[in-house]
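Here's the structure, in structure tokens; my notes come after.
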2 protein chains.
Amino acid sequence: MGSIERKERDKQEMKEMILSAAKKLFLKEGFEHITIRRIAEEIEYSSATVYLYFKDKDSILYALQAQGFQELFNRMKVLDAVKNPAEKLRACGKIYLDFAMENKELYDLMFIMMAPMNAFECAEEWKLGRPSYEVLQNIVGECVAEGYIKTDNPQIACLSLWALMHGVVSIFIRNRAQMIPQDQQGNVINGILDFTIKEILDK
Amino acid sequence: MGSIERKERDKQEMKEMILSAAKKLFLKEGFEHITIRRIAEEIEYSSATVYLYFKDKDSILYALQAQGFQELFNRMKVLDAVKNPAEKLRACGKIYLDFAMENKELYDLMFIMMAPMNAFECAEEWKLGRPSYEVLQNIVGECVAEGYIKTDNPQIACLSLWALMHGVVSIFIRNRAQMIPQDQQGNVINGILDFTIKEILDK
DNA sequence: ATATTTACTAAACTATGTTCAGTAAATAAT
DNA sequence: ATTATTTACTGAACATAGTTTAGTAAATAT
């Protein structure tokens with residue numbers, strides 16, 4: 001009965017198979033069209049099998065969300081190399097926006113879709129976004145400390161910055177800015193980042 | 001055969017019955033849970049009947065969206081009475097934010113949900129948000145003209161303002177800001193509006 | 001009185017998430 | 001080695017959706 005760890009390992013592997021099948025499908029065809037049956041087909045198991053590894057569809061989406069936040073956080077690690085807080089803030093914005101526009105479906109899953117948020121009890125808190133948000137908080141903190149941002153409420157400044165970036169991205173992702181042609185979106189997003197940094201920096 | 005207008009009138013009335021039933025349901029129970037069958041039950045017709053008046057579910061959502069944008073635009077009319085552009089900008093933000101937080105489900109339908117956007121061909125443009133956006137554009141234009149906002153790109157400034165307001169609201173609506181307790185959301189939103197106005201005004 | 005159009009519906013069709021009851025292989029116990 | 005049990009899996013079914021179809025009965029037109 002020493003094979004108990006192997007069992008666990010196998011189980012983990014199967015979970016990852018399911019997740020990567022799901023990811024493959026939704027990257028290819030968007031999110032609305034992911035079905036348990038198609039995931040099962042992709043991994044060549046029956047759809048009932050999927051439920052042996054995940055409680056429900058929302059849990060799968062939640063797991064993918066977790067991967068997304070890990071990826072975003074990883075991308076942010078390069079910010080450690082940037083010393084000047086103002087530059088750091090801009091670089092952080094750029095990373096966030098690039099991530100969003102390069103992974104629209106994943107971003108949607110992380111920040112917009114409701115389904116994955118139903119994977120855990122309402123009682124407990126959703127913490128996946130925390131680490132990335134703390135990176136921003138720290139940068140804003142440094143900007144305030146060194147006088148690049150003058151404010152008596154860094155929390156509000158921080159949330160505003162996030163809201164602005166999230167706002168523009170989600171307007172595009174959910175197709176509410178049709179006055180701006182698709183091929184201009186990249187430019188506009190860069191323009192907004194410039195504008196934001198310029199407006200918020202006091203020094 | 002002079003009753004052709006009455007027919008048309010009846011048809012319109014039925015459409016409105018359906019819409020108000022739909023609205024009632026989704027205001028009460030949120031959006032995910034609206035079904036054609038429940039709408040039909042509410043108006044005491046069969047669900048097939050609904051399809052005699054609307055092409056599909058998305059069309060119903062689109063029609064409700066249209067009502068929402070009408071309501072938002074109406075609320076904005078009081079801005080005509082405000083003469084100072086800077087005050088006007090703040091008042092506009094306040095109206096937008098109040099509308100959003102008082103009608104979260106409707107706001108979601110208007111600015112976040114994808115379903116209603118599939119009600120028309122991709123070829124044609126989505127114009128429902130235009131009038132309200134133009135109100136903002138004009139206000140920003142006035143602010144720039146009178147030196148309250150200094151920028152070489154009013155379009156970007158305008159979009160940024162909208163993005164910031166939309167961003168914070170949608171973060172709350174889609175439950176991504178759990179670090180801020182529910183009962184603090186109102187305060188935070190006011191704080192963000194203050195912060196935004198303070199940051200963007202140059203005079 | 002007959003034909004036609006209109007307004008409506010019951011029932012079915014097609015997904016899709018999810019569960020259930022059973023099977024066959026792997027493992028454990030004797 | 002044989003039997004018992006657990007494990008991993010699946011086909012079929014259930015429930016709920018959106019949507020369509022084929023038909024009916026009343027209103028209207030001829």
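Following the order of the structure tokens, first chain is A, next is B, and so on, with residues numbered from 1 inside each chain and ligands from 1 in the order they appear.
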
Select from chain B every residue with an atom at most 10 Å from any atom of chain D, then for each give the shortest pair of atoms and their distance in Å to one decimal, using only C-alpha atoms (C1' of nucleotides), rows by chain and rising number, as a Markdown table.
```
| residue | atom | partner | partner_atom | distance |
| --- | --- | --- | --- | --- |
| B:Met1 | CA | D:DT28 | C1' | 8.8 |
| B:Thr35 | CA | D:DA17 | C1' | 7.6 |
| B:Ile36 | CA | D:DG18 | C1' | 7.8 |
| B:Arg37 | CA | D:DA17 | C1' | 9.0 |
| B:Ser47 | CA | D:DT19 | C1' | 9.7 |
| B:Ala48 | CA | D:DT19 | C1' | 8.4 |
| B:Tyr51 | CA | D:DT19 | C1' | 8.5 |
| B:Lys55 | CA | D:DT19 | C1' | 10.0 |
| B:Asp56 | CA | D:DT19 | C1' | 8.2 |
| B:Lys57 | CA | D:DG18 | C1' | 7.8 |
```

Residue selection dump (N, CA and C atoms) as an mmCIF file, in the first residue's frame:
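Final output, saved to out.cif:
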```cif
data_model
loop_
_atom_site.group_PDB
_atom_site.id
_atom_site.type_symbol
_atom_site.label_atom_id
_atom_site.label_comp_id
_atom_site.auth_asym_id
_atom_site.auth_seq_id
_atom_site.Cartn_x
_atom_site.Cartn_y
_atom_site.Cartn_z
ATOM 1 N N MET B 1 -61.269 46.555 -42.445
ATOM 2 C CA MET B 1 -59.832 46.330 -42.240
ATOM 3 C C MET B 1 -59.124 47.577 -41.704
ATOM 4 N N THR B 35 -35.577 33.306 -17.262
ATOM 5 C CA THR B 35 -35.810 32.310 -18.309
ATOM 6 C C THR B 35 -37.069 32.692 -19.081
ATOM 7 N N ILE B 36 -37.085 32.282 -20.326
ATOM 8 C CA ILE B 36 -38.248 32.557 -21.154
ATOM 9 C C ILE B 36 -39.494 31.943 -20.528
ATOM 10 N N ARG B 37 -39.327 30.758 -19.996
ATOM 11 C CA ARG B 37 -40.482 30.088 -19.386
ATOM 12 C C ARG B 37 -41.059 30.904 -18.218
ATOM 13 N N SER B 47 -44.622 29.785 -23.407
ATOM 14 C CA SER B 47 -43.310 30.341 -23.738
ATOM 15 C C SER B 47 -43.141 30.509 -25.257
ATOM 16 N N ALA B 48 -43.835 29.694 -26.021
ATOM 17 C CA ALA B 48 -43.747 29.843 -27.482
ATOM 18 C C ALA B 48 -44.274 31.209 -27.925
ATOM 19 N N TYR B 51 -41.927 34.096 -28.369
ATOM 20 C CA TYR B 51 -41.163 34.120 -29.623
ATOM 21 C C TYR B 51 -41.942 34.724 -30.785
ATOM 22 N N LYS B 55 -37.465 37.885 -31.289
ATOM 23 C CA LYS B 55 -36.738 36.871 -32.036
ATOM 24 C C LYS B 55 -36.129 35.829 -31.105
ATOM 25 N N ASP B 56 -35.511 36.292 -30.054
ATOM 26 C CA ASP B 56 -34.909 35.364 -29.102
ATOM 27 C C ASP B 56 -34.672 36.066 -27.768
ATOM 28 N N LYS B 57 -34.085 35.366 -26.852
ATOM 29 C CA LYS B 57 -33.865 35.917 -25.516
ATOM 30 C C LYS B 57 -32.963 37.151 -25.569
#
```

Write out as a Markdown table a residue-level contact list of chain C versus chain A with cut-off 12 Å: for each qualifying residue the closest pair of atoms and the distance in Å to one decimal, counting only C-alpha atoms (C1' of nucleotides), rows sorted by chain and residue number upward.
```
| residue | atom | partner | partner_atom | distance |
| --- | --- | --- | --- | --- |
| C:DA15 | C1' | A:Thr35 | CA | 10.1 |
| C:DT16 | C1' | A:Thr35 | CA | 7.3 |
| C:DG17 | C1' | A:Ile36 | CA | 7.8 |
| C:DT18 | C1' | A:Asp56 | CA | 8.2 |
| C:DT19 | C1' | A:Ala48 | CA | 8.6 |
| C:DC20 | C1' | A:Ala48 | CA | 10.4 |
| C:DT27 | C1' | A:Met1 | CA | 8.8 |
| C:DA28 | C1' | A:Met1 | CA | 8.9 |
```

Do you have, as JSON lines, the list of residues of chain A lying at most 7 Å from chain B, each with its nearest atom pair and that distance in Å to one decimal, counting only C-alpha atoms and ordered by chain then number?
```
{"residue": "A:Phe111", "atom": "CA", "partner": "B:Arg176", "partner_atom": "CA", "distance": 6.6}
{"residue": "A:Ile112", "atom": "CA", "partner": "B:Arg174", "partner_atom": "CA", "distance": 6.1}
{"residue": "A:Met114", "atom": "CA", "partner": "B:Arg174", "partner_atom": "CA", "distance": 6.4}
{"residue": "A:Glu125", "atom": "CA", "partner": "B:Gln178", "partner_atom": "CA", "distance": 6.9}
{"residue": "A:Trp126", "atom": "CA", "partner": "B:Gln178", "partner_atom": "CA", "distance": 6.7}
{"residue": "A:Ile156", "atom": "CA", "partner": "B:Ile192", "partner_atom": "CA", "distance": 6.0}
{"residue": "A:Ser160", "atom": "CA", "partner": "B:Ile192", "partner_atom": "CA", "distance": 6.2}
{"residue": "A:Ala163", "atom": "CA", "partner": "B:Gly167", "partner_atom": "CA", "distance": 4.2}
{"residue": "A:Leu164", "atom": "CA", "partner": "B:Leu164", "partner_atom": "CA", "distance": 4.0}
{"residue": "A:His166", "atom": "CA", "partner": "B:Gly167", "partner_atom": "CA", "distance": 5.5}
{"residue": "A:Gly167", "atom": "CA", "partner": "B:Gly167", "partner_atom": "CA", "distance": 3.6}
{"residue": "A:Val168", "atom": "CA", "partner": "B:Ala163", "partner_atom": "CA", "distance": 4.8}
{"residue": "A:Arg174", "atom": "CA", "partner": "B:Ile112", "partner_atom": "CA", "distance": 6.1}
{"residue": "A:Arg176", "atom": "CA", "partner": "B:Phe111", "partner_atom": "CA", "distance": 6.6}
{"residue": "A:Gln178", "atom": "CA", "partner": "B:Trp126", "partner_atom": "CA", "distance": 6.7}
{"residue": "A:Gly191", "atom": "CA", "partner": "B:Ile156", "partner_atom": "CA", "distance": 6.6}
{"residue": "A:Ile192", "atom": "CA", "partner": "B:Ile156", "partner_atom": "CA", "distance": 6.0}
{"residue": "A:Glu199", "atom": "CA", "partner": "B:Glu199", "partner_atom": "CA", "distance": 6.4}
{"residue": "A:Ile200", "atom": "CA", "partner": "B:Glu199", "partner_atom": "CA", "distance": 6.5}
```

Excluding Met17 in chain B and its own-chain neighbours fewer than 5 positions away, which residues fall within 9 Å of it when counting only C-alpha atoms (C1' of nucleotides)? Please give them as a PyMOL selection string.
chain B and resi 12+22+43

Would you mind exporting N, CA and C atoms of the selected residues as a PDB file, in the first residue's frame?
```
ATOM      1  N   GLN B  12     -47.605  46.010 -29.837  1.00  0.00           N
ATOM      2  CA  GLN B  12     -46.687  46.817 -29.042  1.00  0.00           C
ATOM      3  C   GLN B  12     -46.927  46.633 -27.554  1.00  0.00           C
ATOM      4  N   ALA B  22     -40.126  40.682 -17.767  1.00  0.00           N
ATOM      5  CA  ALA B  22     -38.700  40.343 -17.728  1.00  0.00           C
ATOM      6  C   ALA B  22     -37.976  41.224 -16.721  1.00  0.00           C
ATOM      7  N   ILE B  43     -46.562  36.478 -17.501  1.00  0.00           N
ATOM      8  CA  ILE B  43     -47.603  37.158 -18.285  1.00  0.00           C
ATOM      9  C   ILE B  43     -48.758  36.226 -18.627  1.00  0.00           C
TER      10      ILE B  43
END
```

What parts of range 44-196 of chain A does DSSP call helix (DSSP H, G or I)? I'd like the answer as a PyMOL selection string.
chain A and resi 47-53+57-81+85-102+104-111+115-119+130-145+154-173+182-196

Could you pull the residues within 12 Å of Leu89 in chain A, counting only C-alpha atoms (C1' of nucleotides), minus those fewer than 4 positions along the same chain, as a VMD selection string?
chain A and resid 76 79 to 80 82 to 85 93 to 96 135 to 144 148 to 149 158 161 to 162 193 to 194 196 to 198 200 to 201

What gap, in Å, lies between CA of Asp152 in chain B and CA of Glu146 in chain A?
28.1 Å
